[in-house]
Every structure is written in structure tokens, then in C-alpha cells.
>>> print(open('target33.pdb').read())   # PDB, C-alpha atoms, pLDDT in the B column
ATOM      1  CA  MET E   1       1.982  -4.369 -21.566  1.00 59.00           C
ATOM      2  CA  GLN E   2      -1.049  -2.954 -19.745  1.00 70.00           C
ATOM      3  CA  ALA E   3      -2.530  -6.455 -19.472  1.00 73.00           C
ATOM      4  CA  VAL E   4       0.732  -7.769 -17.997  1.00 74.00           C
ATOM      5  CA  ASN E   5       0.800  -4.935 -15.447  1.00 78.00           C
ATOM      6  CA  ARG E   6      -2.774  -5.703 -14.394  1.00 80.00           C
ATOM      7  CA  LEU E   7      -1.942  -9.383 -14.027  1.00 81.00           C
ATOM      8  CA  MET E   8       1.178  -8.620 -12.007  1.00 81.00           C
ATOM      9  CA  ASN E   9      -0.816  -6.283  -9.745  1.00 82.00           C
ATOM     10  CA  ALA E  10      -3.388  -8.975  -9.014  1.00 87.00           C
ATOM     11  CA  VAL E  11      -0.808 -11.720  -8.454  1.00 87.00           C
ATOM     12  CA  GLU E  12       1.158  -9.590  -5.984  1.00 89.00           C
ATOM     13  CA  HIS E  13      -1.890  -9.114  -3.775  1.00 91.00           C
ATOM     14  CA  LEU E  14      -2.986 -12.739  -4.073  1.00 91.00           C
ATOM     15  CA  LEU E  15       0.526 -13.783  -3.055  1.00 90.00           C
ATOM     16  CA  MET E  16       0.266 -11.614   0.059  1.00 91.00           C
ATOM     17  CA  ALA E  17      -3.055 -13.268   0.842  1.00 93.00           C
ATOM     18  CA  HIS E  18      -1.455 -16.707   0.438  1.00 93.00           C
ATOM     19  CA  TYR E  19       1.358 -15.887   2.879  1.00 91.00           C
ATOM     20  CA  MET E  20      -1.082 -14.522   5.445  1.00 94.00           C
ATOM     21  CA  ILE E  21      -3.410 -17.540   5.193  1.00 95.00           C
ATOM     22  CA  TYR E  22      -0.489 -19.975   5.501  1.00 94.00           C
ATOM     23  CA  ALA E  23       0.926 -18.222   8.584  1.00 94.00           C
ATOM     24  CA  TRP E  24      -2.583 -17.890  10.038  1.00 95.00           C
ATOM     25  CA  ARG E  25      -3.096 -21.642   9.827  1.00 94.00           C
ATOM     26  CA  GLU E  26       0.383 -22.729  10.871  1.00 93.00           C
ATOM     27  CA  ASN E  27       1.497 -20.221  13.514  1.00 94.00           C
ATOM     28  CA  LYS E  28      -0.643 -17.275  14.564  1.00 95.00           C
ATOM     29  CA  ARG E  29       2.084 -15.855  16.782  1.00 94.00           C
ATOM     30  CA  VAL E  30       4.456 -15.588  13.823  1.00 93.00           C
ATOM     31  CA  LEU E  31       1.768 -13.869  11.783  1.00 94.00           C
ATOM     32  CA  ALA E  32       1.113 -11.375  14.596  1.00 93.00           C
ATOM     33  CA  ASN E  33       4.761 -10.302  14.417  1.00 92.00           C
ATOM     34  CA  MET E  34       4.942 -10.068  10.624  1.00 91.00           C
ATOM     35  CA  CYS E  35       5.203  -6.910   8.554  1.00 89.00           C
ATOM     36  CA  ILE E  36       4.166  -7.238   4.918  1.00 89.00           C
ATOM     37  CA  ILE E  37       5.054  -4.403   2.556  1.00 87.00           C
ATOM     38  CA  SER E  38       3.355  -3.752  -0.775  1.00 87.00           C
ATOM     39  CA  ASP E  39       5.217  -1.604  -3.279  1.00 83.00           C
ATOM     40  CA  GLY E  40       2.081   0.264  -4.289  1.00 87.00           C
ATOM     41  CA  PRO E  41      -1.342   1.124  -2.854  1.00 91.00           C
ATOM     42  CA  LEU E  42      -3.526  -1.478  -1.171  1.00 94.00           C
ATOM     43  CA  ALA E  43      -5.747  -1.776  -4.208  1.00 94.00           C
ATOM     44  CA  ILE E  44      -6.391  -4.135  -7.110  1.00 92.00           C
ATOM     45  CA  PHE E  45      -7.163  -2.646 -10.504  1.00 90.00           C
ATOM     46  CA  GLY E  46      -8.571  -3.785 -13.827  1.00 87.00           C
ATOM     47  CA  GLU E  47     -10.529  -6.990 -14.389  1.00 88.00           C
ATOM     48  CA  ALA E  48      -9.290  -8.435 -11.081  1.00 90.00           C
ATOM     49  CA  ALA E  49     -10.546  -5.447  -9.031  1.00 92.00           C
ATOM     50  CA  PRO E  50     -13.410  -7.424  -7.372  1.00 92.00           C
ATOM     51  CA  PHE E  51     -10.760  -9.457  -5.538  1.00 92.00           C
ATOM     52  CA  HIS E  52     -10.156  -6.399  -3.328  1.00 94.00           C
ATOM     53  CA  ARG E  53     -13.345  -7.288  -1.440  1.00 94.00           C
ATOM     54  CA  GLY E  54     -11.933 -10.729  -0.681  1.00 94.00           C
ATOM     55  CA  MET E  55      -8.687  -9.186   0.567  1.00 95.00           C
ATOM     56  CA  MET E  56     -10.622  -6.800   2.787  1.00 95.00           C
ATOM     57  CA  GLY E  57     -12.722  -9.598   4.255  1.00 95.00           C
ATOM     58  CA  LEU E  58      -9.726 -11.897   4.750  1.00 96.00           C
ATOM     59  CA  ILE E  59      -7.708  -9.256   6.606  1.00 96.00           C
ATOM     60  CA  ASP E  60     -10.679  -8.517   8.860  1.00 96.00           C
ATOM     61  CA  ARG E  61     -11.192 -12.200   9.707  1.00 96.00           C
ATOM     62  CA  ILE E  62      -7.508 -12.581  10.533  1.00 96.00           C
ATOM     63  CA  ARG E  63      -7.597  -9.421  12.648  1.00 95.00           C
ATOM     64  CA  GLN E  64     -10.585 -10.561  14.676  1.00 95.00           C
ATOM     65  CA  ASP E  65      -9.204 -14.060  15.189  1.00 96.00           C
ATOM     66  CA  LEU E  66      -5.819 -12.806  16.390  1.00 95.00           C
ATOM     67  CA  VAL E  67      -7.453 -10.334  18.774  1.00 93.00           C
ATOM     68  CA  LYS E  68      -9.524 -13.183  20.273  1.00 94.00           C
ATOM     69  CA  SER E  69      -6.269 -15.086  20.766  1.00 93.00           C
ATOM     70  CA  GLY E  70      -4.713 -12.119  22.577  1.00 94.00           C
ATOM     71  CA  LEU E  71      -2.374 -11.319  19.688  1.00 94.00           C
ATOM     72  CA  ALA E  72      -1.748  -8.214  17.596  1.00 92.00           C
ATOM     73  CA  GLU E  73      -2.759  -8.017  13.961  1.00 91.00           C
ATOM     74  CA  PRO E  74       0.064  -8.178  11.389  1.00 92.00           C
ATOM     75  CA  ILE E  75       1.354  -4.946   9.904  1.00 93.00           C
ATOM     76  CA  LEU E  76       0.431  -4.514   6.257  1.00 93.00           C
ATOM     77  CA  LEU E  77       1.763  -1.409   4.504  1.00 92.00           C
ATOM     78  CA  GLY E  78       1.301  -0.132   0.960  1.00 92.00           C
ATOM     79  CA  PHE E  79       3.596   2.597  -0.392  1.00 89.00           C
ATOM     80  CA  THR E  80       2.641   4.913  -3.268  1.00 87.00           C
ATOM     81  CA  LYS E  81       5.622   6.623  -4.904  1.00 82.00           C
ATOM     82  CA  SER E  82       4.088   8.292  -7.948  1.00 82.00           C
ATOM     83  CA  GLY E  83       0.877   9.991  -9.052  1.00 86.00           C
ATOM     84  CA  ARG E  84      -1.210  12.976  -8.010  1.00 88.00           C
ATOM     85  CA  LEU E  85      -1.130  12.135  -4.331  1.00 89.00           C
ATOM     86  CA  ILE E  86       2.646  12.249  -4.004  1.00 86.00           C
ATOM     87  CA  GLU E  87       2.826  15.349  -6.222  1.00 89.00           C
ATOM     88  CA  HIS E  88       0.379  17.134  -3.921  1.00 90.00           C
ATOM     89  CA  PHE E  89       2.347  16.082  -0.849  1.00 86.00           C
ATOM     90  CA  GLN E  90       5.483  17.568  -2.390  1.00 84.00           C
ATOM     91  CA  MET E  91       3.642  20.816  -3.123  1.00 88.00           C
ATOM     92  CA  ILE E  92       2.571  21.273   0.510  1.00 85.00           C
ATOM     93  CA  SER E  93       5.883  20.081   1.934  1.00 83.00           C
ATOM     94  CA  HIS E  94       6.948  23.600   2.934  1.00 83.00           C
ATOM     95  CA  ILE E  95       3.718  24.077   4.899  1.00 84.00           C
ATOM     96  CA  ILE E  96       4.337  20.866   6.832  1.00 81.00           C
ATOM     97  CA  ASP E  97       7.905  22.006   7.537  1.00 78.00           C
ATOM     98  CA  GLU E  98       6.576  25.167   9.140  1.00 75.00           C
ATOM     99  CA  GLN E  99       3.633  23.711  11.023  1.00 77.00           C
ATOM    100  CA  CYS E 100       4.873  20.218  11.970  1.00 75.00           C
ATOM    101  CA  PRO E 101       8.686  20.148  12.277  1.00 70.00           C
ATOM    102  CA  GLU E 102       8.516  16.964  14.401  1.00 71.00           C
ATOM    103  CA  GLY E 103       6.600  15.022  11.759  1.00 76.00           C
ATOM    104  CA  VAL E 104       2.947  14.366  11.077  1.00 81.00           C
ATOM    105  CA  ILE E 105       0.473  11.739   9.920  1.00 86.00           C
ATOM    106  CA  PHE E 106      -3.010  12.391   8.601  1.00 88.00           C
ATOM    107  CA  PRO E 107      -5.469  10.394   6.493  1.00 92.00           C
ATOM    108  CA  VAL E 108      -6.432  11.551   3.019  1.00 92.00           C
ATOM    109  CA  SER E 109     -10.182  11.925   3.277  1.00 93.00           C
ATOM    110  CA  ASP E 110     -12.373  11.954   0.182  1.00 93.00           C
ATOM    111  CA  GLU E 111     -13.348  15.541   0.950  1.00 91.00           C
ATOM    112  CA  TYR E 112      -9.684  16.579   1.007  1.00 92.00           C
ATOM    113  CA  ARG E 113      -8.867  14.553  -2.102  1.00 92.00           C
ATOM    114  CA  TYR E 114     -11.706  15.999  -4.176  1.00 92.00           C
ATOM    115  CA  THR E 115     -11.048  19.543  -2.975  1.00 91.00           C
ATOM    116  CA  PHE E 116      -7.275  19.808  -3.400  1.00 91.00           C
ATOM    117  CA  ILE E 117      -6.042  16.838  -5.465  1.00 90.00           C
ATOM    118  CA  GLU E 118      -8.756  15.694  -7.900  1.00 89.00           C
ATOM    119  CA  PRO E 119     -11.320  18.532  -7.985  1.00 87.00           C
ATOM    120  CA  ALA E 120     -12.855  17.335 -11.255  1.00 78.00           C
ATOM    121  CA  LYS E 121     -14.337  14.249  -9.617  1.00 80.00           C
ATOM    122  CA  ASP E 122     -17.711  13.936  -7.903  1.00 81.00           C
ATOM    123  CA  PRO E 123     -17.181  15.060  -4.260  1.00 75.00           C
ATOM    124  CA  ARG E 124     -19.796  12.551  -3.104  1.00 80.00           C
ATOM    125  CA  ALA E 125     -17.919   9.605  -4.597  1.00 85.00           C
ATOM    126  CA  ASN E 126     -16.264   7.076  -2.304  1.00 90.00           C
ATOM    127  CA  HIS E 127     -12.664   6.964  -3.540  1.00 91.00           C
ATOM    128  CA  GLY E 128     -11.534   3.467  -4.451  1.00 90.00           C
ATOM    129  CA  LYS E 129     -15.009   2.009  -3.906  1.00 92.00           C
ATOM    130  CA  ASP E 130     -14.324  -0.794  -6.396  1.00 93.00           C
ATOM    131  CA  THR E 131     -10.562  -1.144  -6.043  1.00 94.00           C
ATOM    132  CA  TYR E 132      -9.088  -0.123  -2.661  1.00 96.00           C
ATOM    133  CA  TYR E 133      -8.890  -2.192   0.522  1.00 95.00           C
ATOM    134  CA  GLY E 134      -6.634   0.258   2.390  1.00 95.00           C
ATOM    135  CA  GLN E 135      -6.644   3.900   3.472  1.00 96.00           C
ATOM    136  CA  ASP E 136      -3.977   6.354   2.280  1.00 95.00           C
ATOM    137  CA  PHE E 137      -2.111   8.464   4.844  1.00 94.00           C
ATOM    138  CA  PHE E 138       0.342  11.330   4.482  1.00 91.00           C
ATOM    139  CA  VAL E 139       3.368  10.612   6.692  1.00 88.00           C
ATOM    140  CA  ARG E 140       6.256  12.995   7.406  1.00 86.00           C
ATOM    141  CA  THR E 141       8.924  11.505   9.690  1.00 82.00           C
ATOM    142  CA  ARG E 142      11.121  13.418  12.115  1.00 82.00           C
ATOM    143  CA  LYS E 143      13.986  13.030   9.642  1.00 80.00           C
ATOM    144  CA  GLY E 144      11.943  14.918   7.048  1.00 78.00           C
ATOM    145  CA  HIS E 145      11.132  11.944   4.806  1.00 81.00           C
ATOM    146  CA  ASP E 146       7.725  11.895   3.128  1.00 84.00           C
ATOM    147  CA  PHE E 147       5.603   8.822   2.491  1.00 86.00           C
ATOM    148  CA  ILE E 148       2.173   7.990   1.114  1.00 89.00           C
ATOM    149  CA  VAL E 149       1.323   4.955   3.236  1.00 91.00           C
ATOM    150  CA  ALA E 150      -1.762   2.765   3.047  1.00 94.00           C
ATOM    151  CA  LEU E 151      -3.073   0.737   5.980  1.00 95.00           C
ATOM    152  CA  PRO E 152      -5.808  -1.908   5.595  1.00 96.00           C
ATOM    153  CA  TYR E 153      -9.308  -0.656   6.305  1.00 96.00           C
ATOM    154  CA  PRO E 154     -10.364  -1.696   9.832  1.00 94.00           C
ATOM    155  CA  PHE E 155     -13.572  -3.203   8.446  1.00 93.00           C
ATOM    156  CA  GLY E 156     -14.596  -6.364   6.633  1.00 93.00           C
ATOM    157  CA  THR E 157     -16.979  -4.607   4.228  1.00 93.00           C
ATOM    158  CA  LYS E 158     -17.791  -1.107   3.031  1.00 93.00           C
ATOM    159  CA  GLY E 159     -21.077  -0.457   4.767  1.00 88.00           C
ATOM    160  CA  ASP E 160     -23.016   2.626   5.816  1.00 87.00           C
ATOM    161  CA  GLY E 161     -20.828   5.412   7.152  1.00 91.00           C
ATOM    162  CA  PHE E 162     -17.708   3.845   5.655  1.00 94.00           C
ATOM    163  CA  GLN E 163     -16.642   7.001   3.801  1.00 92.00           C
ATOM    164  CA  VAL E 164     -16.241   8.899   7.077  1.00 92.00           C
ATOM    165  CA  GLU E 165     -15.202   6.057   9.365  1.00 94.00           C
ATOM    166  CA  LYS E 166     -12.323   4.944   7.123  1.00 95.00           C
ATOM    167  CA  THR E 167     -10.440   8.173   7.929  1.00 93.00           C
ATOM    168  CA  GLU E 168     -10.855   8.033  11.720  1.00 93.00           C
ATOM    169  CA  ILE E 169      -7.348   7.276  12.977  1.00 92.00           C
ATOM    170  CA  VAL E 170      -8.635   5.908  16.294  1.00 92.00           C
ATOM    171  CA  ARG E 171      -9.988   2.885  14.388  1.00 93.00           C
ATOM    172  CA  TYR E 172      -6.495   1.896  13.221  1.00 93.00           C
ATOM    173  CA  GLY E 173      -5.181   0.074  16.273  1.00 88.00           C
ATOM    174  CA  ASN E 174      -1.986  -0.903  14.470  1.00 89.00           C
ATOM    175  CA  ILE E 175      -0.960   2.588  13.414  1.00 90.00           C
ATOM    176  CA  ALA E 176       1.660   3.126  16.151  1.00 90.00           C
ATOM    177  CA  ARG E 177       3.449  -0.113  15.238  1.00 91.00           C
ATOM    178  CA  ALA E 178       3.290   0.808  11.558  1.00 90.00           C
ATOM    179  CA  LEU E 179       4.916   4.175  12.237  1.00 88.00           C
ATOM    180  CA  ARG E 180       7.685   2.499  14.240  1.00 87.00           C
ATOM    181  CA  VAL E 181       8.432   0.262  11.253  1.00 85.00           C
ATOM    182  CA  ILE E 182       8.615   3.278   8.953  1.00 84.00           C
ATOM    183  CA  ARG E 183      10.912   5.174  11.311  1.00 83.00           C
ATOM    184  CA  GLU E 184      13.134   2.122  11.782  1.00 79.00           C
ATOM    185  CA  PHE E 185      13.565   1.332   8.080  1.00 76.00           C
ATOM    186  CA  GLU E 186      13.282   4.709   6.345  1.00 72.00           C
ATOM    187  CA  SER E 187      16.061   4.992   3.786  1.00 57.00           C
ATOM    188  CA  GLU E 188      18.639   7.769   3.858  1.00 51.00           C
ATOM    189  CA  LEU E 189      19.416   7.105   0.184  1.00 45.00           C
ATOM    190  CA  TYR E 190      15.810   7.319  -1.065  1.00 51.00           C
ATOM    191  CA  GLY E 191      13.654   9.595   1.068  1.00 48.00           C
ATOM    192  CA  ASP E 192      10.360   8.057  -0.067  1.00 55.00           C
ATOM    193  CA  SER E 193      11.281   4.404   0.373  1.00 53.00           C
ATOM    194  CA  LEU E 194      12.127   1.845   3.045  1.00 58.00           C
ATOM    195  CA  VAL E 195      15.307  -0.204   3.164  1.00 49.00           C
ATOM    196  CA  PRO E 196      13.483  -3.560   2.538  1.00 52.00           C
ATOM    197  CA  VAL E 197      11.817  -2.141  -0.592  1.00 54.00           C
ATOM    198  CA  THR E 198      15.112  -0.750  -1.903  1.00 53.00           C
ATOM    199  CA  LEU E 199      16.866  -4.089  -1.357  1.00 49.00           C
ATOM    200  CA  ALA E 200      14.020  -5.959  -3.061  1.00 52.00           C
ATOM    201  CA  HIS E 201      14.347  -3.754  -6.131  1.00 48.00           C
ATOM    202  CA  GLN E 202      18.104  -4.237  -6.267  1.00 52.00           C
ATOM    203  CA  HIS E 203      17.842  -8.023  -6.095  1.00 48.00           C
ATOM    204  CA  ALA E 204      14.902  -8.309  -8.498  1.00 55.00           C
ATOM    205  CA  SER E 205      16.067  -5.890 -11.184  1.00 54.00           C
ATOM    206  CA  ILE E 206      17.641  -7.111 -14.430  1.00 57.00           C
ATOM    207  CA  SER E 207      20.631  -5.303 -15.884  1.00 57.00           C
ATOM    208  CA  LEU E 208      19.829  -3.495 -19.126  1.00 55.00           C
ATOM    209  CA  LYS E 209      22.296  -5.281 -21.417  1.00 61.00           C
ATOM    210  CA  PRO E 210      21.653  -8.949 -20.469  1.00 63.00           C
ATOM    211  CA  GLY E 211      17.974  -8.229 -19.908  1.00 61.00           C
ATOM    212  CA  GLY E 212      17.664  -6.695 -23.373  1.00 64.00           C
ATOM    213  CA  ARG E 213      19.543  -9.626 -24.877  1.00 71.00           C
ATOM    214  CA  VAL E 214      17.163 -12.138 -23.278  1.00 68.00           C
ATOM    215  CA  LEU E 215      14.131 -10.237 -24.608  1.00 69.00           C
ATOM    216  CA  ASP E 216      15.733 -10.127 -28.049  1.00 73.00           C
ATOM    217  CA  ILE E 217      16.231 -13.895 -28.072  1.00 74.00           C
ATOM    218  CA  MET E 218      12.710 -14.552 -26.833  1.00 71.00           C
ATOM    219  CA  SER E 219      11.164 -12.263 -29.446  1.00 73.00           C
ATOM    220  CA  ARG E 220      13.146 -13.939 -32.257  1.00 74.00           C
ATOM    221  CA  ARG E 221      11.983 -17.385 -31.125  1.00 75.00           C
ATOM    222  CA  ALA E 222       8.379 -16.231 -30.795  1.00 72.00           C
ATOM    223  CA  MET E 223       8.367 -14.459 -34.163  1.00 71.00           C
ATOM    224  CA  PRO E 224      10.916 -16.214 -36.376  1.00 68.00           C
ATOM    225  CA  ILE E 225      11.880 -14.400 -39.573  1.00 63.00           C
ATOM    226  CA  SER E 226      11.435 -16.640 -42.573  1.00 55.00           C
TER     227      SER E 226
END
>>> encode(input="target33.pdb", output="C-alpha cells")
Amino acid sequence: MQAVNRLMNAVEHLLMAHYMIYAWRENKRVLANMCIISDGPLAIFGEAAPFHRGMMGLIDRIRQDLVKSGLAEPILLGFTKSGRLIEHFQMISHIIDEQCPEGVIFPVSDEYRYTFIEPAKDPRANHGKDTYYGQDFFVRTRKGHDFIVALPYPFGTKGDGFQVEKTEIVRYGNIARALRVIREFESELYGDSLVPVTLAHQHASISLKPGGRVLDIMSRRAMPIS
């Protein structure tokens, strides 16, 4: 099952790359107005992790080309809904309520992560050095909904100074548009999800009874009992 999950993770990101390349070649204006949502962080794990460098470089080339053409870069968002990061956000939720009642956004720096979320790790380490191509942000909307949102790094490679520069909000020229998308599509039913993601899950999910029956038939065909 772990191998299947790794494969699915890699294919999802490669599929995003395919859509972006196709739109880039066929109609740049359409691409500039696209919003692509990843149900998970902007990272590739396991054996396919090196592909994250290709994703990072591709997004940067597209960004630079669209800017030269006088167009905006597409919005690419990754949403994390489980793990230590979201648990920490929930723990400090009452502090945000008191200090930022109108909402807030701030990047999760490595210093913050290794101080408050994963203190056992080396504080000098560059989080996601071999897997991530996007920066995580804490987002609290005016409606009180909490999100862990990832935006693509505004660089083509991870060079000198990257660990600090990746958390400088001023470098993310698309951040205002990204926040508008979140505010427009935040779900009242699920506080940590967007309406497009919720609809995708509903249409892609398999009911337990027929889904279990299909797996039962497949397993019997694959491993017939003599």
C-alpha cells in the first residue's frame, strides 16, 4: 500500500505538470487565469522525490515567460489537512483569535518549525530540501477557517540564501490572488477545505459496499483458491 501511495503522489504532480505544459504551449492567457489545487503539500516523496526539482524549475520557467508576455503566473495551491503542522495550528488557534480577529497569513519558517513543531530535528536543516517545491503558510480567513497552504517557491533552484528567502512574503507576487481564491471557495461545511476539493472527493470516492465487492472479486481472480 505504501508503494501505491508513493506512486499516486508522484503521478498527481506529474499530471499537474502536464496540464501546465499543455496550456503553456497552446494558450498562455488561459494558463495565466488558471488555478490548480493539489490536495496535499507541494512535495514529492519516496523514490520519485528528485522530480520535485523538475517541478520547481518548470514552474519558474513558466512564471518568467508569462511575466515577459505581460501576463500573471497561474495560481498553484497545495493544501495540507493532517500532520504535525495542522495540529500545531489548531493548538495556537486561540492565540490567533485574540491577536488577529480579521485573519492572518504567515510563512512557516524553518526556525519556527524546528522550535515549536519538530524540535527534535537539526535547526540548521533546510526543511523539504529533497522533497518540497512549495512553501507552507498558515492562513486564517475572516470567517475563522484555518488552512495550511503551500505556494510554489519563487525560485527555479535552491541556491544560497534559499532557506531565508523562501519565507519572505514579498517574493510571492501571486499571494494576493491566492488568498482571494481561498476566501471565495472556502467551505462552510468543512472549515479546512475548499469547495472544489470537497466536490472532487465526492465524485471520486467509491461507496464502501460496491467498492469492497469489486476488491473482493479482483483479489479472488488474482489469487484463485484451488
>>> atom_distance(input="target33.pdb", atom1="CA of Gly78 in chain E", atom2="CA of Leu179 in chain E")
12.6 Å
>>> residues_around(input="target33.pdb", residues="Gly103 in chain E", least_positions_apart="3", cutoff="7 Å", atoms="all atoms listed in the file", output="CSV table (one decimal) with C-alpha atoms, in the frame of the given file")
chain,number,residue,atom,x,y,z
E,100,CYS,CA,4.9,20.2,12.0
E,140,ARG,CA,6.3,13.0,7.4
E,141,THR,CA,8.9,11.5,9.7
E,142,ARG,CA,11.1,13.4,12.1
>>> resolve_selection(input="target33.pdb", expression="the PyMOL selection byres ((chain E and resi 163) around 9)", output="ChimeraX atom specification")
/E:109-110,125-127,158-162,164-167
>>> resolve_selection(input="target33.pdb", expression="the PyMOL selection byres ((chain E and resi 150) around 10)", output="NGL selection string")
:E and (37-38 or 40-43 or 76-80 or 107-108 or 132-138 or 147-149 or 151-153)
>>> residues_around(input="target33.pdb", residues="Gly70 in chain E", least_positions_apart="4", cutoff="12 Å", atoms="all atoms listed in the file", output="MDAnalysis selection string")
chainID E and resid 28:29 32 63:66
>>> atom_distance(input="target33.pdb", atom1="CA of Ile182 in chain E", atom2="CA of Val139 in chain E")
9.3 Å
>>> resolve_selection(input="target33.pdb", expression="the PyMOL selection byres ((chain E and resi 4-6) around 12)", output="list in words")
Met1, Gln2, Ala3, Leu7, Met8, Asn9, Ala10, Val11, Glu12, His13, Ala43, Ile44, Phe45, Gly46, Glu47, Ala48 and Ala49 of chain E
>>> residues_around(input="target33.pdb", residues="range 55-60 of chain E", least_positions_apart="5", cutoff="7 Å", atoms="all atoms listed in the file", output="list in words")
Ala17, Tyr133, Pro154, Phe155, Gly156 and Thr157 of chain E
>>> write_last_selection(input="target33.pdb", atoms="C-alpha atoms", output="mmCIF file, keeping the file's coordinate frame")
data_model
loop_
_atom_site.group_PDB
_atom_site.id
_atom_site.type_symbol
_atom_site.label_atom_id
_atom_site.label_comp_id
_atom_site.auth_asym_id
_atom_site.auth_seq_id
_atom_site.Cartn_x
_atom_site.Cartn_y
_atom_site.Cartn_z
ATOM 1 C CA ALA E 17 -3.055 -13.268 0.842
ATOM 2 C CA TYR E 133 -8.890 -2.192 0.522
ATOM 3 C CA PRO E 154 -10.364 -1.696 9.832
ATOM 4 C CA PHE E 155 -13.572 -3.203 8.446
ATOM 5 C CA GLY E 156 -14.596 -6.364 6.633
ATOM 6 C CA THR E 157 -16.979 -4.607 4.228
#
>>> axis_aligned_box(input="target33.pdb", around="range 165-177 of chain E", padding_each_side="6 Å", output="lines of an AutoDock Vina configuration file")
center_x = -5.9
center_y = 3.6
center_z = 11.7
size_x = 30.7
size_y = 21.1
size_z = 21.2
>>> closest_residue(input="target33.pdb", among="E:Ile169, E:Asp146, E:Ala72, E:Thr115", to="Glu87 in chain E", atoms="only C-alpha atoms")
E:Asp146
>>> residues_near_point(input="target33.pdb", point="(-6.8, 21.7, -4.4)", cutoff="12 Å", atoms="only C-alpha atoms", output="list in words")
Arg84, Leu85, Glu87, His88, Phe89, Met91, Ile92, Glu111, Tyr112, Arg113, Tyr114, Thr115, Phe116, Ile117, Glu118, Pro119, Ala120 and Lys121 of chain E
>>> residues_near_point(input="target33.pdb", point="(4.0, -4.4, 11.3)", cutoff="8 Å", atoms="only C-alpha atoms", output="PDB file with C-alpha atoms, in the coordinates of the input")
ATOM      1  CA  ASN E  33       4.761 -10.302  14.417  1.00 92.00           C
ATOM      2  CA  MET E  34       4.942 -10.068  10.624  1.00 91.00           C
ATOM      3  CA  CYS E  35       5.203  -6.910   8.554  1.00 89.00           C
ATOM      4  CA  ILE E  36       4.166  -7.238   4.918  1.00 89.00           C
ATOM      5  CA  PRO E  74       0.064  -8.178  11.389  1.00 92.00           C
ATOM      6  CA  ILE E  75       1.354  -4.946   9.904  1.00 93.00           C
ATOM      7  CA  LEU E  76       0.431  -4.514   6.257  1.00 93.00           C
ATOM      8  CA  LEU E  77       1.763  -1.409   4.504  1.00 92.00           C
ATOM      9  CA  ASN E 174      -1.986  -0.903  14.470  1.00 89.00           C
ATOM     10  CA  ARG E 177       3.449  -0.113  15.238  1.00 91.00           C
ATOM     11  CA  ALA E 178       3.290   0.808  11.558  1.00 90.00           C
ATOM     12  CA  VAL E 181       8.432   0.262  11.253  1.00 85.00           C
TER      13      VAL E 181
END
>>> atom_distance(input="target33.pdb", atom1="CA of Pro123 in chain E", atom2="CA of Pro50 in chain E")
23.0 Å
>>> closest_residue(input="target33.pdb", among="E:Val170, E:Val67, E:Leu31, E:Ile175", to="Tyr19 in chain E", atoms="all atoms listed in the file")
E:Leu31
>>> decode(input="target33.pdb", residues="range 120-174 of chain E", atoms="C-alpha atoms", output="PDB file, in the first residue's frame")
ATOM      1  CA  ALA E 120      13.984  17.058  17.637  1.00  0.00           C
ATOM      2  CA  LYS E 121      15.296  17.909  14.179  1.00  0.00           C
ATOM      3  CA  ASP E 122      18.503  19.750  13.312  1.00  0.00           C
ATOM      4  CA  PRO E 123      17.656  23.504  13.419  1.00  0.00           C
ATOM      5  CA  ARG E 124      20.144  24.146  10.614  1.00  0.00           C
ATOM      6  CA  ALA E 125      18.390  21.753   8.241  1.00  0.00           C
ATOM      7  CA  ASN E 126      16.523  23.120   5.236  1.00  0.00           C
ATOM      8  CA  HIS E 127      13.047  21.602   5.570  1.00  0.00           C
ATOM      9  CA  GLY E 128      11.983  19.679   2.488  1.00  0.00           C
ATOM     10  CA  LYS E 129      15.387  20.095   0.833  1.00  0.00           C
ATOM     11  CA  ASP E 130      14.910  16.886  -1.166  1.00  0.00           C
ATOM     12  CA  THR E 131      11.130  16.812  -1.486  1.00  0.00           C
ATOM     13  CA  TYR E 132       9.366  20.208  -1.379  1.00  0.00           C
ATOM     14  CA  TYR E 133       8.874  22.676  -4.228  1.00  0.00           C
ATOM     15  CA  GLY E 134       6.475  24.946  -2.311  1.00  0.00           C
ATOM     16  CA  GLN E 135       6.409  26.978   0.898  1.00  0.00           C
ATOM     17  CA  ASP E 136       3.873  26.282   3.662  1.00  0.00           C
ATOM     18  CA  PHE E 137       1.798  29.158   5.051  1.00  0.00           C
ATOM     19  CA  PHE E 138      -0.597  29.388   7.979  1.00  0.00           C
ATOM     20  CA  VAL E 139      -3.811  31.056   6.778  1.00  0.00           C
ATOM     21  CA  ARG E 140      -6.738  32.148   8.963  1.00  0.00           C
ATOM     22  CA  THR E 141      -9.608  33.704   6.989  1.00  0.00           C
ATOM     23  CA  ARG E 142     -12.001  36.366   8.235  1.00  0.00           C
ATOM     24  CA  LYS E 143     -14.636  33.649   8.619  1.00  0.00           C
ATOM     25  CA  GLY E 144     -12.359  31.851  11.079  1.00  0.00           C
ATOM     26  CA  HIS E 145     -11.369  28.959   8.802  1.00  0.00           C
ATOM     27  CA  ASP E 146      -7.826  27.623   9.110  1.00  0.00           C
ATOM     28  CA  PHE E 147      -5.674  26.352   6.264  1.00  0.00           C
ATOM     29  CA  ILE E 148      -2.139  25.094   5.735  1.00  0.00           C
ATOM     30  CA  VAL E 149      -1.499  26.370   2.214  1.00  0.00           C
ATOM     31  CA  ALA E 150       1.578  25.850   0.066  1.00  0.00           C
ATOM     32  CA  LEU E 151       2.611  28.217  -2.719  1.00  0.00           C
ATOM     33  CA  PRO E 152       5.355  27.356  -5.241  1.00  0.00           C
ATOM     34  CA  TYR E 153       8.785  28.672  -4.334  1.00  0.00           C
ATOM     35  CA  PRO E 154       9.516  31.857  -6.323  1.00  0.00           C
ATOM     36  CA  PHE E 155      12.826  30.388  -7.492  1.00  0.00           C
ATOM     37  CA  GLY E 156      13.990  27.873 -10.070  1.00  0.00           C
ATOM     38  CA  THR E 157      16.587  26.249  -7.798  1.00  0.00           C
ATOM     39  CA  LYS E 158      17.523  26.126  -4.131  1.00  0.00           C
ATOM     40  CA  GLY E 159      20.645  28.243  -4.075  1.00  0.00           C
ATOM     41  CA  ASP E 160      22.500  30.253  -1.452  1.00  0.00           C
ATOM     42  CA  GLY E 161      20.217  32.110   0.930  1.00  0.00           C
ATOM     43  CA  PHE E 162      17.235  29.986  -0.077  1.00  0.00           C
ATOM     44  CA  GLN E 163      16.356  28.982   3.494  1.00  0.00           C
ATOM     45  CA  VAL E 164      15.675  32.606   4.441  1.00  0.00           C
ATOM     46  CA  GLU E 165      14.420  33.935   1.117  1.00  0.00           C
ATOM     47  CA  LYS E 166      11.747  31.240   0.741  1.00  0.00           C
ATOM     48  CA  THR E 167       9.817  32.736   3.685  1.00  0.00           C
ATOM     49  CA  GLU E 168       9.892  36.365   2.508  1.00  0.00           C
ATOM     50  CA  ILE E 169       6.283  37.068   1.543  1.00  0.00           C
ATOM     51  CA  VAL E 170       7.262  39.981  -0.712  1.00  0.00           C
ATOM     52  CA  ARG E 171       8.761  37.443  -3.143  1.00  0.00           C
ATOM     53  CA  TYR E 172       5.381  35.761  -3.673  1.00  0.00           C
ATOM     54  CA  GLY E 173       3.790  38.077  -6.216  1.00  0.00           C
ATOM     55  CA  ASN E 174       0.762  35.814  -6.571  1.00  0.00           C
TER      56      ASN E 174
END
